[in-house]
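A.B. asks: start03.csv is the file, holding CSV, C-alpha atoms and all ligand atoms:
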chain,number,residue,atom,x,y,z
A,1,LYS,CA,10.4,-29.0,13.0
A,2,LYS,CA,8.4,-27.3,10.3
A,3,LEU,CA,5.4,-25.5,11.8
A,4,GLY,CA,2.0,-26.6,10.5
A,5,ILE,CA,-0.2,-24.0,8.8
A,6,ALA,CA,-4.0,-24.4,8.4
A,7,LEU,CA,-5.5,-22.2,5.6
A,8,VAL,CA,-8.9,-20.8,6.4
A,9,GLY,CA,-10.8,-20.2,3.2
A,10,LEU,CA,-9.8,-22.0,0.0
A,11,GLY,CA,-10.5,-19.3,-2.6
A,12,GLY,CA,-8.3,-17.9,-5.3
A,13,TYR,CA,-5.4,-16.7,-3.2
A,14,SER,CA,-5.2,-19.9,-1.1
A,15,THR,CA,-5.5,-22.1,-4.2
A,16,HIS,CA,-3.2,-20.4,-6.6
A,17,GLN,CA,-0.6,-18.7,-4.4
A,18,LEU,CA,-0.5,-19.9,-0.8
A,19,ALA,CA,-0.9,-23.6,-1.1
A,20,PRO,CA,1.7,-23.9,-3.9
A,21,ALA,CA,4.0,-21.6,-2.0
A,22,LEU,CA,3.7,-23.9,1.1
A,23,GLN,CA,5.2,-26.7,-1.0
A,24,GLU,CA,8.5,-24.7,-1.1
A,25,THR,CA,8.7,-23.2,2.4
A,26,GLU,CA,11.4,-24.4,4.8
A,27,ASN,CA,10.0,-23.3,8.2
A,28,CYS,CA,6.3,-24.2,7.7
A,29,TYR,CA,4.1,-26.5,5.6
A,30,LEU,CA,0.5,-27.0,4.7
A,31,ALA,CA,-0.9,-29.1,7.5
A,32,GLY,CA,-4.6,-28.5,7.4
A,33,ILE,CA,-7.6,-26.7,5.8
A,34,VAL,CA,-10.7,-25.0,7.0
A,35,THR,CA,-13.5,-24.7,4.4
A,36,GLY,CA,-17.2,-24.3,4.1
A,37,THR,CA,-17.3,-26.1,0.8
A,38,PRO,CA,-17.2,-29.9,1.3
A,39,SER,CA,-16.7,-30.5,-2.5
A,40,LYS,CA,-13.2,-28.9,-2.3
A,41,VAL,CA,-12.0,-31.3,0.5
A,42,ASP,CA,-11.1,-34.4,-1.5
A,43,ASP,CA,-9.0,-32.5,-4.1
A,44,TRP,CA,-7.1,-30.7,-1.4
A,45,LYS,CA,-6.5,-33.8,0.7
A,46,ARG,CA,-5.2,-35.7,-2.3
A,47,LYS,CA,-3.1,-32.9,-3.8
A,48,TYR,CA,-1.5,-31.9,-0.5
A,49,ASN,CA,-1.5,-35.1,1.5
A,50,ILE,CA,-3.7,-33.7,4.3
A,51,PRO,CA,-5.1,-36.2,6.7
A,52,ASP,CA,-8.8,-36.3,7.6
A,53,LYS,CA,-8.1,-35.2,11.2
A,54,ASN,CA,-6.7,-31.9,9.9
A,55,VAL,CA,-9.8,-30.9,7.8
A,56,TYR,CA,-12.2,-28.5,9.5
A,57,ASN,CA,-15.3,-26.6,8.6
A,58,TYR,CA,-16.6,-23.3,10.0
A,59,GLU,CA,-18.7,-25.1,12.6
A,60,ASN,CA,-16.1,-27.4,14.1
A,61,PHE,CA,-13.2,-24.9,13.6
A,62,ASP,CA,-12.7,-24.2,17.3
A,63,GLU,CA,-11.8,-27.9,17.9
A,64,ILE,CA,-8.5,-27.0,16.1
A,65,ALA,CA,-7.4,-26.0,19.6
A,66,ASN,CA,-6.8,-29.7,20.3
A,67,ASN,CA,-4.8,-30.4,17.1
A,68,ASP,CA,-1.0,-30.4,17.7
A,69,ASP,CA,-0.3,-30.6,13.9
A,70,ILE,CA,-1.6,-27.0,13.5
A,71,ASP,CA,0.7,-24.3,14.9
A,72,ILE,CA,-0.4,-21.4,12.7
A,73,ILE,CA,-3.9,-20.4,11.4
A,74,TYR,CA,-3.8,-18.4,8.2
A,75,VAL,CA,-7.1,-16.5,7.6
A,76,VAL,CA,-7.7,-16.0,3.8
A,77,LEU,CA,-11.4,-15.1,3.9
A,78,PRO,CA,-13.3,-12.0,2.6
A,79,ASN,CA,-12.2,-9.0,4.6
A,80,ALA,CA,-15.2,-8.6,6.9
A,81,LEU,CA,-14.7,-12.2,8.1
A,82,HIS,CA,-11.1,-11.7,9.2
A,83,ALA,CA,-12.1,-10.5,12.6
A,84,GLU,CA,-14.2,-13.4,13.7
A,85,TYR,CA,-11.7,-16.0,12.5
A,86,VAL,CA,-8.6,-14.3,13.9
A,87,ILE,CA,-10.3,-14.0,17.2
A,88,ARG,CA,-11.4,-17.7,17.2
A,89,ALA,CA,-7.9,-18.7,16.1
A,90,ALA,CA,-6.4,-16.7,19.0
A,91,LYS,CA,-8.8,-18.4,21.5
A,92,ALA,CA,-7.6,-21.7,20.1
A,93,LYS,CA,-4.1,-20.5,21.2
A,94,LYS,CA,-2.7,-20.6,17.7
A,95,ASP,CA,-0.4,-18.0,16.2
A,96,VAL,CA,-2.2,-16.2,13.4
A,97,ILE,CA,-1.5,-14.8,9.9
A,98,CYS,CA,-4.4,-12.6,8.6
A,99,GLU,CA,-4.7,-11.4,5.1
A,100,LYS,CA,-4.8,-7.8,4.1
A,101,PRO,CA,-6.7,-5.6,4.8
A,102,MET,CA,-6.7,-6.7,8.5
A,103,ALA,CA,-10.4,-5.9,8.9
A,104,THR,CA,-13.1,-3.6,7.6
A,105,ASN,CA,-13.0,-1.0,10.5
A,106,VAL,CA,-10.7,0.1,13.2
A,107,GLU,CA,-12.7,-1.4,16.1
A,108,ASP,CA,-12.5,-4.9,14.6
A,109,ALA,CA,-8.7,-4.5,14.2
A,110,GLN,CA,-8.4,-3.4,17.8
A,111,ARG,CA,-10.5,-6.4,19.0
A,112,MET,CA,-8.3,-8.8,17.0
A,113,LEU,CA,-5.1,-7.4,18.4
A,114,GLU,CA,-6.5,-7.6,21.9
A,115,ALA,CA,-7.7,-11.2,21.5
A,116,CYS,CA,-4.2,-12.2,20.3
A,117,ASN,CA,-2.5,-10.4,23.2
A,118,GLU,CA,-4.9,-11.8,25.8
A,119,ASN,CA,-4.3,-15.4,24.5
A,120,GLY,CA,-0.6,-14.9,24.2
A,121,VAL,CA,-0.4,-15.6,20.5
A,122,GLN,CA,1.4,-13.7,17.7
A,123,LEU,CA,-0.5,-12.0,14.9
A,124,ALA,CA,1.0,-11.1,11.5
A,125,ILE,CA,-0.6,-9.6,8.4
A,126,GLY,CA,-0.1,-11.1,4.9
A,127,TYR,CA,2.0,-8.1,3.8
A,128,ARG,CA,4.2,-10.1,1.4
A,129,LEU,CA,6.1,-7.0,0.0
A,130,HIS,CA,8.1,-6.6,3.2
A,131,PHE,CA,9.9,-9.8,2.2
A,132,GLU,CA,10.5,-8.8,-1.5
A,133,PRO,CA,13.8,-7.3,-2.8
A,134,PHE,CA,12.5,-4.3,-4.8
A,135,ASN,CA,10.3,-3.1,-2.1
A,136,LYS,CA,12.9,-3.7,0.6
A,137,ARG,CA,15.3,-1.6,-1.4
A,138,VAL,CA,12.6,1.2,-1.6
A,139,MET,CA,12.4,1.1,2.3
A,140,GLU,CA,16.2,1.5,2.4
A,141,LEU,CA,16.3,4.3,-0.2
A,142,GLY,CA,13.7,6.2,1.6
A,143,GLN,CA,14.3,5.5,5.2
A,144,GLN,CA,18.1,5.7,5.1
A,145,GLN,CA,18.0,8.7,2.8
A,146,VAL,CA,20.3,7.2,0.3
A,147,PHE,CA,19.5,10.0,-2.1
A,148,GLY,CA,18.9,12.5,0.6
A,149,LYS,CA,15.5,13.4,2.1
A,150,VAL,CA,12.4,12.2,0.3
A,151,GLU,CA,10.5,15.2,-1.2
A,152,SER,CA,7.5,13.5,-2.8
A,153,ILE,CA,6.0,10.1,-3.4
A,154,THR,CA,3.7,8.7,-6.1
A,155,ALA,CA,2.0,5.4,-5.3
A,156,ASN,CA,-0.8,4.0,-7.5
A,157,ASN,CA,-2.4,0.5,-7.5
A,158,SER,CA,-5.3,-0.2,-9.7
A,159,SER,CA,-6.6,-3.2,-11.6
A,160,ASP,CA,-9.3,-3.3,-14.3
A,161,MET,CA,-11.8,-5.7,-13.0
A,162,THR,CA,-14.6,-4.6,-15.3
A,163,SER,CA,-13.5,-6.8,-18.2
A,164,GLU,CA,-14.0,-9.9,-16.2
A,165,LYS,CA,-16.5,-10.8,-13.5
A,166,PRO,CA,-14.9,-9.9,-10.2
A,167,ASN,CA,-15.5,-12.0,-7.1
A,168,ILE,CA,-18.8,-10.7,-6.0
A,169,TRP,CA,-17.8,-10.1,-2.4
A,170,ARG,CA,-15.2,-7.5,-3.5
A,171,LEU,CA,-18.2,-5.3,-4.8
A,172,ASP,CA,-20.1,-5.8,-1.6
A,173,LYS,CA,-19.3,-3.2,1.0
A,174,LYS,CA,-20.5,-5.3,3.9
A,175,LEU,CA,-17.9,-8.1,3.0
A,176,ALA,CA,-15.1,-6.0,1.5
A,177,GLY,CA,-15.4,-2.9,3.7
A,178,GLY,CA,-15.0,-0.8,0.6
A,179,GLY,CA,-13.7,-1.0,-3.0
A,180,PRO,CA,-10.3,-0.7,-4.6
A,181,LEU,CA,-8.9,1.3,-1.6
A,182,MET,CA,-9.3,-1.8,0.7
A,183,ASP,CA,-8.1,-4.3,-1.9
A,184,LEU,CA,-5.4,-2.5,-3.9
A,185,GLY,CA,-5.0,1.0,-2.5
A,186,ILE,CA,-3.8,-0.5,0.7
A,187,TYR,CA,-0.5,-1.4,-1.1
A,188,ALA,CA,-0.1,2.2,-2.2
A,189,VAL,CA,-0.7,3.4,1.4
A,190,GLN,CA,1.9,0.8,2.6
A,191,GLY,CA,4.3,1.9,-0.1
A,192,ALA,CA,4.2,5.5,0.9
A,193,VAL,CA,4.5,4.7,4.6
A,194,TYR,CA,7.5,2.3,4.2
A,195,THR,CA,9.2,4.8,1.9
A,196,MET,CA,9.0,7.4,4.7
A,197,GLY,CA,9.4,4.9,7.5
A,198,LYS,CA,6.7,6.6,9.5
A,199,PRO,CA,2.9,7.1,9.3
A,200,PRO,CA,1.2,10.1,7.8
A,201,VAL,CA,-0.3,12.8,9.9
A,202,ALA,CA,-3.2,13.7,7.7
A,203,VAL,CA,-5.0,12.9,4.5
A,204,THR,CA,-7.2,14.5,1.9
A,205,ALA,CA,-9.2,12.3,-0.5
A,206,ASN,CA,-11.8,12.3,-3.2
A,207,TYR,CA,-13.8,9.7,-5.0
A,208,GLY,CA,-13.4,9.4,-8.8
A,209,GLU,CA,-16.1,9.5,-11.3
A,210,VAL,CA,-18.4,6.5,-11.6
A,211,THR,CA,-18.4,5.5,-15.3
A,212,LYS,CA,-19.8,2.0,-14.6
A,213,PRO,CA,-22.7,2.5,-12.3
A,214,LEU,CA,-24.1,-1.0,-12.9
A,215,VAL,CA,-20.9,-2.5,-11.4
A,216,PHE,CA,-20.0,0.1,-8.8
A,217,HIS,CA,-23.2,1.0,-6.9
A,218,ASP,CA,-22.0,-0.3,-3.4
A,219,VAL,CA,-18.3,0.3,-3.4
A,220,GLU,CA,-16.3,3.1,-5.0
A,221,GLN,CA,-15.0,2.6,-8.6
A,222,SER,CA,-11.9,4.7,-7.9
A,223,ILE,CA,-10.5,7.0,-5.3
A,224,ASN,CA,-7.5,9.3,-5.1
A,225,TRP,CA,-5.8,10.6,-2.0
A,226,GLU,CA,-2.8,12.5,-0.7
A,227,LEU,CA,-1.1,11.5,2.5
A,228,GLU,CA,0.7,14.2,4.3
A,229,PHE,CA,3.7,13.4,6.4
A,230,GLU,CA,5.7,15.5,8.8
A,231,GLU,CA,7.4,18.5,7.3
A,232,GLY,CA,4.7,18.7,4.7
A,233,ILE,CA,6.0,15.8,2.5
A,234,LYS,CA,3.2,14.5,0.3
A,235,ALA,CA,2.4,11.1,-1.2
A,236,LYS,CA,-0.1,11.2,-4.1
A,237,SER,CA,-2.1,8.1,-4.8
A,238,ASN,CA,-4.9,6.6,-6.8
A,239,SER,CA,-6.7,3.3,-6.8
A,240,SER,CA,-9.3,2.1,-9.2
A,241,TYR,CA,-11.1,-1.1,-10.2
A,242,ALA,CA,-11.5,0.2,-13.8
A,243,GLU,CA,-8.0,0.8,-15.0
A,244,ASP,CA,-4.5,-0.7,-14.6
A,245,GLN,CA,-1.8,1.1,-12.6
A,246,ASN,CA,1.1,-0.3,-10.5
A,247,GLU,CA,3.7,2.1,-9.4
A,248,LEU,CA,5.7,3.2,-6.3
A,249,SER,CA,8.1,6.1,-6.9
A,250,ALA,CA,9.7,8.9,-5.1
A,251,GLU,CA,11.7,12.1,-5.7
A,252,ALA,CA,14.4,12.8,-3.1
A,253,GLU,CA,16.9,15.7,-2.7
A,254,ASP,CA,19.6,14.1,-4.7
A,255,GLY,CA,17.9,11.5,-6.8
A,256,TRP,CA,14.8,9.5,-7.6
A,257,TRP,CA,13.4,5.9,-7.9
A,258,LYS,CA,10.5,4.2,-9.5
A,259,VAL,CA,9.3,0.6,-9.2
A,260,SER,CA,6.7,-0.4,-11.7
A,261,PRO,CA,5.1,-2.9,-11.4
A,262,ALA,CA,5.7,-2.6,-7.7
A,263,TYR,CA,2.9,-4.7,-6.1
A,264,ALA,CA,2.3,-7.5,-8.5
A,265,TYR,CA,3.3,-11.1,-7.6
A,266,GLU,CA,5.9,-11.1,-10.3
A,267,GLY,CA,7.6,-9.1,-13.1
A,268,LYS,CA,8.8,-6.3,-10.9
A,269,LYS,CA,11.0,-3.7,-12.5
A,270,GLY,CA,12.7,-0.7,-11.0
A,271,GLU,CA,15.0,2.2,-11.8
A,272,THR,CA,16.8,4.9,-9.8
A,273,SER,CA,18.5,8.1,-10.9
A,274,GLU,CA,21.7,5.9,-10.9
A,275,GLY,CA,20.4,3.1,-13.2
A,276,LYS,CA,18.4,-0.1,-13.3
A,277,MET,CA,17.5,-1.8,-10.1
A,278,ASP,CA,18.7,-5.3,-10.5
A,279,TYR,CA,17.0,-7.8,-8.2
A,280,PRO,CA,15.6,-11.2,-8.7
A,281,ASN,CA,11.9,-11.8,-8.8
A,282,ILE,CA,11.3,-14.2,-5.9
A,283,TYR,CA,8.4,-16.3,-4.7
A,284,GLU,CA,7.1,-13.7,-2.2
A,285,GLN,CA,4.6,-15.9,-0.4
A,286,VAL,CA,7.4,-18.4,0.3
A,287,LYS,CA,9.6,-15.8,1.9
A,288,GLN,CA,6.7,-14.2,3.7
A,289,MET,CA,5.4,-17.4,5.3
A,290,ASP,CA,8.9,-18.6,6.1
A,291,GLY,CA,9.7,-15.2,7.7
A,292,GLN,CA,6.5,-15.2,9.7
A,293,ALA,CA,6.9,-18.8,10.8
A,294,GLU,CA,10.4,-18.0,12.0
A,295,SER,CA,9.3,-15.1,14.1
A,296,PHE,CA,6.5,-17.1,15.6
A,297,ARG,CA,8.9,-19.9,16.5
A,298,LYS,CA,11.2,-17.4,18.3
A,299,ASN,CA,8.1,-15.8,19.8
A,300,GLU,CA,9.2,-12.5,18.3
A,301,LYS,CA,7.0,-9.9,16.8
A,302,SER,CA,6.8,-10.2,13.0
A,303,ILE,CA,8.1,-7.4,10.9
A,304,VAL,CA,4.5,-7.1,9.7
A,305,PRO,CA,2.6,-7.4,13.0
A,306,GLY,CA,-1.0,-6.9,13.8
A,307,GLU,CA,-0.2,-3.4,15.0
A,308,MET,CA,0.9,-2.5,11.5
A,309,GLY,CA,-2.5,-3.8,10.2
A,310,LEU,CA,-4.3,-1.6,12.8
A,311,ARG,CA,-2.1,1.4,11.8
A,312,ASP,CA,-3.1,0.9,8.2
A,313,MET,CA,-6.8,0.5,9.0
A,314,LYS,CA,-6.7,3.9,10.7
A,315,ILE,CA,-5.2,5.4,7.5
A,316,LEU,CA,-7.7,3.7,5.2
A,317,MET,CA,-10.6,4.8,7.3
A,318,ALA,CA,-9.3,8.4,7.4
A,319,ILE,CA,-9.1,8.3,3.6
A,320,TYR,CA,-12.7,7.3,3.4
A,321,GLU,CA,-13.7,9.9,6.0
A,322,SER,CA,-12.0,12.6,3.9
A,323,ALA,CA,-13.6,11.4,0.6
A,324,GLU,CA,-17.0,11.2,2.2
A,325,ALA,CA,-16.6,14.8,3.4
A,326,GLY,CA,-15.7,15.9,-0.1
A,327,GLY,CA,-12.0,16.2,0.3
A,328,LYS,CA,-11.8,17.7,3.8
A,329,ARG,CA,-8.4,17.3,5.5
A,330,VAL,CA,-8.6,14.6,8.1
A,331,GLU,CA,-5.9,14.2,10.7
A,332,ILE,CA,-4.6,10.8,11.5
A,333,HIS,CA,-3.7,10.0,15.2
A,334,ASN,CA,-1.6,7.0,15.9
A,401,LIG,P1,-11.9,-15.4,-3.1
A,401,LIG,O1,-13.2,-14.9,-3.4
A,401,LIG,O2,-11.1,-16.1,-4.3
A,401,LIG,O3,-12.0,-16.5,-1.9
A,401,LIG,C1,-12.7,-16.2,-0.8
A,401,LIG,C2,-13.0,-17.6,-0.1
A,401,LIG,O4,-13.8,-17.3,1.0
A,401,LIG,C3,-13.9,-18.5,-1.0
A,401,LIG,O5,-13.3,-19.8,-0.9
A,401,LIG,C4,-15.2,-18.5,-0.4
A,401,LIG,O6,-15.9,-19.7,-0.5
A,401,LIG,C5,-14.9,-18.2,1.1
A,401,LIG,N1,-16.0,-17.6,1.8
A,401,LIG,C6,-16.3,-18.0,3.1
A,401,LIG,N2,-17.4,-17.3,3.5
A,401,LIG,C7,-17.7,-16.5,2.5
A,401,LIG,C8,-18.8,-15.5,2.4
A,401,LIG,N3,-19.6,-15.2,3.4
A,401,LIG,N4,-18.8,-14.8,1.2
A,401,LIG,C9,-18.0,-15.0,0.2
A,401,LIG,N5,-17.0,-16.0,0.3
A,401,LIG,C10,-16.9,-16.7,1.5
A,401,LIG,O7,-11.0,-14.3,-2.5
A,401,LIG,P2,-9.4,-14.2,-2.4
A,401,LIG,O8,-8.9,-13.4,-3.6
A,401,LIG,O9,-8.8,-15.5,-2.1
A,401,LIG,O10,-9.2,-13.2,-1.2
A,401,LIG,C11,-9.3,-13.7,0.2
A,401,LIG,C12,-8.5,-12.7,1.1
A,401,LIG,O11,-7.2,-12.7,0.7
A,401,LIG,C13,-9.0,-11.3,1.0
A,401,LIG,O12,-8.9,-10.7,2.3
A,401,LIG,C14,-8.0,-10.6,0.1
A,401,LIG,O13,-7.8,-9.3,0.3
A,401,LIG,C15,-6.7,-11.4,0.4
A,401,LIG,N6,-5.8,-11.5,-0.7
A,401,LIG,C16,-4.5,-11.1,-0.5
A,401,LIG,C17,-3.6,-11.1,-1.6
A,401,LIG,C18,-2.2,-10.8,-1.4
A,401,LIG,O14,-1.4,-10.6,-2.3
A,401,LIG,N7,-1.7,-10.6,-0.1
A,401,LIG,C19,-4.0,-11.5,-2.8
A,401,LIG,C20,-5.3,-12.0,-3.0
A,401,LIG,C21,-6.2,-11.9,-2.0
Show me, as structure tokens, the structure contained in the file I just sent.
Ligand code: NAD

C.D. replies:
Amino acid sequence: KKLGIALVGLGGYSTHQLAPALQETENCYLAGIVTGTPSKVDDWKRKYNIPDKNVYNYENFDEIANNDDIDIIYVVLPNALHAEYVIRAAKAKKDVICEKPMATNVEDAQRMLEACNENGVQLAIGYRLHFEPFNKRVMELGQQQVFGKVESITANNSSDMTSEKPNIWRLDKKLAGGGPLMDLGIYAVQGAVYTMGKPPVAVTANYGEVTKPLVFHDVEQSINWELEFEEGIKAKSNSSYAEDQNELSAEAEDGWWKVSPAYAYEGKKGETSEGKMDYPNIYEQVKQMDGQAESFRKNEKSIVPGEMGLRDMKILMAIYESAEAGGKRVEIHN
């Protein structure tokens, strides 16, 4: 049986990526929706054949506990709302997928993980790149030391949002938890960590210059940071809402690699010191949700579990702590 997924929050990512992907998944399907916007309901019901009994709003959401069509709840809301809905989903005894970043602070991430453990449900984070061939190859190259030990990493993820009107919650620290670091930089942090196959021990960070103060008065416009791994290996990163950058590369003892774009939904390209990286571009969200559904069905921990989301929250918060302190070295304890 395909597992039934209910999407919570029908914004851009649910509408343009997840719902279409769920038409192609093999282990799961779009069974239900949870939305605070009644005007969206008819369209979604018609387009995806969703029965009335599988449509919820934020008030009656907890009744989803009694709905056997829904096996998995996928939280796709603004970052600060992830905690409340993951915890409510766990209490409804449903396995949960939560979008990145897992939360907006470490305490919330811990509470989410505890709620899932206490209720005996699985939690996975929407980290789609763990299911994607270019990034999987990077994990192999780095972790299996295909070109010897990694000596340095560069990981940048930025997207110019100043030319269009960004979704307003992304500029609101209360809802987003921060600026580009929370939204885009998290991919660069992940990239560095899965290149090394272990978390960093310390970080130094600095905010970039604010050239658009009318837009960026609550969250940072840009931030750069350097993760420090054991043996002094460094990963240099930058993330900005006012330029475009998309790269994950590394120098190793006997070679190098570079994937760019590395984090975009499609169009990935890569090269190593031995030549072009030749992998198909795949529908990442299909692979991700199928992979997560399979692990839930077997009651196994996902390869992108809640613990990984918590680990990354600790790193993100250490980056902000360092930037707030003007570039002071901050140790990261796992
Ligand atoms: P969006 O702004 O397009 O959608 C957010 C949805 O939340 C909207 O439908 C909105 O109505 C709803 N909402 C409910 N309560 C709200 C509130 N109090 N304030 C504002 N909106 C509220 O955002 P999105 O791009 O769909 O992002 C949603 C989540 O998905 C974020 O956590 C984001 O980081 C994540 N995301 C992940 C990826 C990925 O590649 N994994 C890509 C895009 C977004």

A.B. asks: Name the residues, by chain letter and number, that sit within 9 Å of ligand LIG 401 (chain A) using only C-alpha atoms and all ligand atoms, and give them as a PyMOL selection string.

C.D. replies: chain A and resi 8-17+35-37+58+75-82+98-103+125-129+166-170+175-176+182-184+263-265+285

A.B. asks: Would you mind telling me which residue in A:Gly191, A:Gly179, A:Pro38, A:Pro51 lies nearest to Ala262 (chain A) when using all atoms listed in the file?

C.D. replies: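 Looking at the shortest contact to Ala262 (chain A), the residue is A:Gly191.
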
A.B. asks: Dump as a PDB file with C-alpha atoms, keeping the file's coordinate frame all residues having an atom at most 12 Å from (7.8, -21.4, 11.0), computed in the file's coordinates with all atoms listed in the file.

C.D. replies:
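The result, stored in point.pdb:
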ATOM      1  CA  LYS A   1      10.400 -29.000  13.000  1.00  0.00           C
ATOM      2  CA  LYS A   2       8.400 -27.300  10.300  1.00  0.00           C
ATOM      3  CA  LEU A   3       5.400 -25.500  11.800  1.00  0.00           C
ATOM      4  CA  GLY A   4       2.000 -26.600  10.500  1.00  0.00           C
ATOM      5  CA  ILE A   5      -0.200 -24.000   8.800  1.00  0.00           C
ATOM      6  CA  LEU A  22       3.700 -23.900   1.100  1.00  0.00           C
ATOM      7  CA  THR A  25       8.700 -23.200   2.400  1.00  0.00           C
ATOM      8  CA  GLU A  26      11.400 -24.400   4.800  1.00  0.00           C
ATOM      9  CA  ASN A  27      10.000 -23.300   8.200  1.00  0.00           C
ATOM     10  CA  CYS A  28       6.300 -24.200   7.700  1.00  0.00           C
ATOM     11  CA  TYR A  29       4.100 -26.500   5.600  1.00  0.00           C
ATOM     12  CA  LEU A  30       0.500 -27.000   4.700  1.00  0.00           C
ATOM     13  CA  ILE A  70      -1.600 -27.000  13.500  1.00  0.00           C
ATOM     14  CA  ASP A  71       0.700 -24.300  14.900  1.00  0.00           C
ATOM     15  CA  ILE A  72      -0.400 -21.400  12.700  1.00  0.00           C
ATOM     16  CA  ILE A  73      -3.900 -20.400  11.400  1.00  0.00           C
ATOM     17  CA  ASP A  95      -0.400 -18.000  16.200  1.00  0.00           C
ATOM     18  CA  VAL A  96      -2.200 -16.200  13.400  1.00  0.00           C
ATOM     19  CA  ILE A  97      -1.500 -14.800   9.900  1.00  0.00           C
ATOM     20  CA  VAL A 286       7.400 -18.400   0.300  1.00  0.00           C
ATOM     21  CA  LYS A 287       9.600 -15.800   1.900  1.00  0.00           C
ATOM     22  CA  GLN A 288       6.700 -14.200   3.700  1.00  0.00           C
ATOM     23  CA  MET A 289       5.400 -17.400   5.300  1.00  0.00           C
ATOM     24  CA  ASP A 290       8.900 -18.600   6.100  1.00  0.00           C
ATOM     25  CA  GLY A 291       9.700 -15.200   7.700  1.00  0.00           C
ATOM     26  CA  GLN A 292       6.500 -15.200   9.700  1.00  0.00           C
ATOM     27  CA  ALA A 293       6.900 -18.800  10.800  1.00  0.00           C
ATOM     28  CA  GLU A 294      10.400 -18.000  12.000  1.00  0.00           C
ATOM     29  CA  SER A 295       9.300 -15.100  14.100  1.00  0.00           C
ATOM     30  CA  PHE A 296       6.500 -17.100  15.600  1.00  0.00           C
ATOM     31  CA  ARG A 297       8.900 -19.900  16.500  1.00  0.00           C
ATOM     32  CA  LYS A 298      11.200 -17.400  18.300  1.00  0.00           C
ATOM     33  CA  ASN A 299       8.100 -15.800  19.800  1.00  0.00           C
ATOM     34  CA  GLU A 300       9.200 -12.500  18.300  1.00  0.00           C
ATOM     35  CA  SER A 302       6.800 -10.200  13.000  1.00  0.00           C
TER      36      SER A 302
END

A.B. asks: Could you jot down the CA of Asp254 (chain A) to CA of Thr204 (chain A) separation for me, Å, one decimal place?

C.D. replies: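 Going from CA of Asp254 (chain A) over to CA of Thr204 (chain A) covers 27.6 Å.
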
A.B. asks: Contacts of Ile186 (chain A) at 9 Å or less, counting all atoms listed in the file, minus same-chain residues fewer than 5 places along, as a list in words?

C.D. replies: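 Listed by chain and then number, they are Lys100, Pro101, Asn157, Pro180, Leu181, Gly191, Ser239, Asp312, Met313 and Leu316 of chain A.
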
A.B. asks: Determine the nearest neighbour of Glu209 (chain A) from the options A:Thr162, A:Ser222, A:Asn334, A:Asn238, counting only C-alpha atoms.

C.D. replies: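 Answer, going by the shortest atom-to-atom distance: A:Ser222.
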
A.B. asks: Using only C-alpha atoms, which residue out of A:Thr211, A:Asn49, A:Asn54, A:Ser240 lies closest to Leu7 (chain A)?

C.D. replies: A:Asn54

A.B. asks: Quick one: pull the distance between CA of Gly120 (chain A) and CA of Ala65 (chain A), Å, one decimal.

C.D. replies: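 So the answer is 13.8 Å.
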
A.B. asks: Dump as a PyMOL selection string all residues having an atom at most 10 Å from (-9.9, 1.8, -19.4), computed in the file's coordinates with only C-alpha atoms.

C.D. replies: chain A and resi 159-160+162-163+241-244

A.B. asks: Restricting the calculation to all atoms listed in the file, which member of A:Tyr74, A:Ala202, A:Lys173, A:Phe147 is positioned closest to Asn105 (chain A)?

C.D. replies: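 Nearest candidate to Asn105 (chain A) out of A:Tyr74, A:Ala202, A:Lys173, A:Phe147: A:Lys173.
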
A.B. asks: So what do you get for CA of Asn135 (chain A) versus CA of Leu248 (chain A), distance-wise?

C.D. replies: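 So the two atoms, CA of Asn135 (chain A) and CA of Leu248 (chain A), lie 8.9 Å apart.
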
A.B. asks: Would you list the contacts of region 323-327 of chain A as a PyMOL selection string, taking every protein, DNA or RNA residue within 9 Å and counting all atoms listed in the file, but skipping same-chain residues closer than 4 positions in sequence?

C.D. replies: chain A and resi 203-207+223-225+318-319

A.B. asks: Which is closer to Arg137 (chain A) than all the others in A:Glu321, A:Glu271, A:Glu228, A:Glu331, using only C-alpha atoms?

C.D. replies: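 Comparing A:Glu321, A:Glu271, A:Glu228, A:Glu331 against Arg137 (chain A), the winner is A:Glu271.
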
A.B. asks: Which residue is closest to Glu284 (chain A)? Choose from A:Pro133, A:Leu310, A:Gln245, A:Pro213 and count only C-alpha atoms.

C.D. replies: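 Comparing A:Pro133, A:Leu310, A:Gln245, A:Pro213 against Glu284 (chain A), the winner is A:Pro133.
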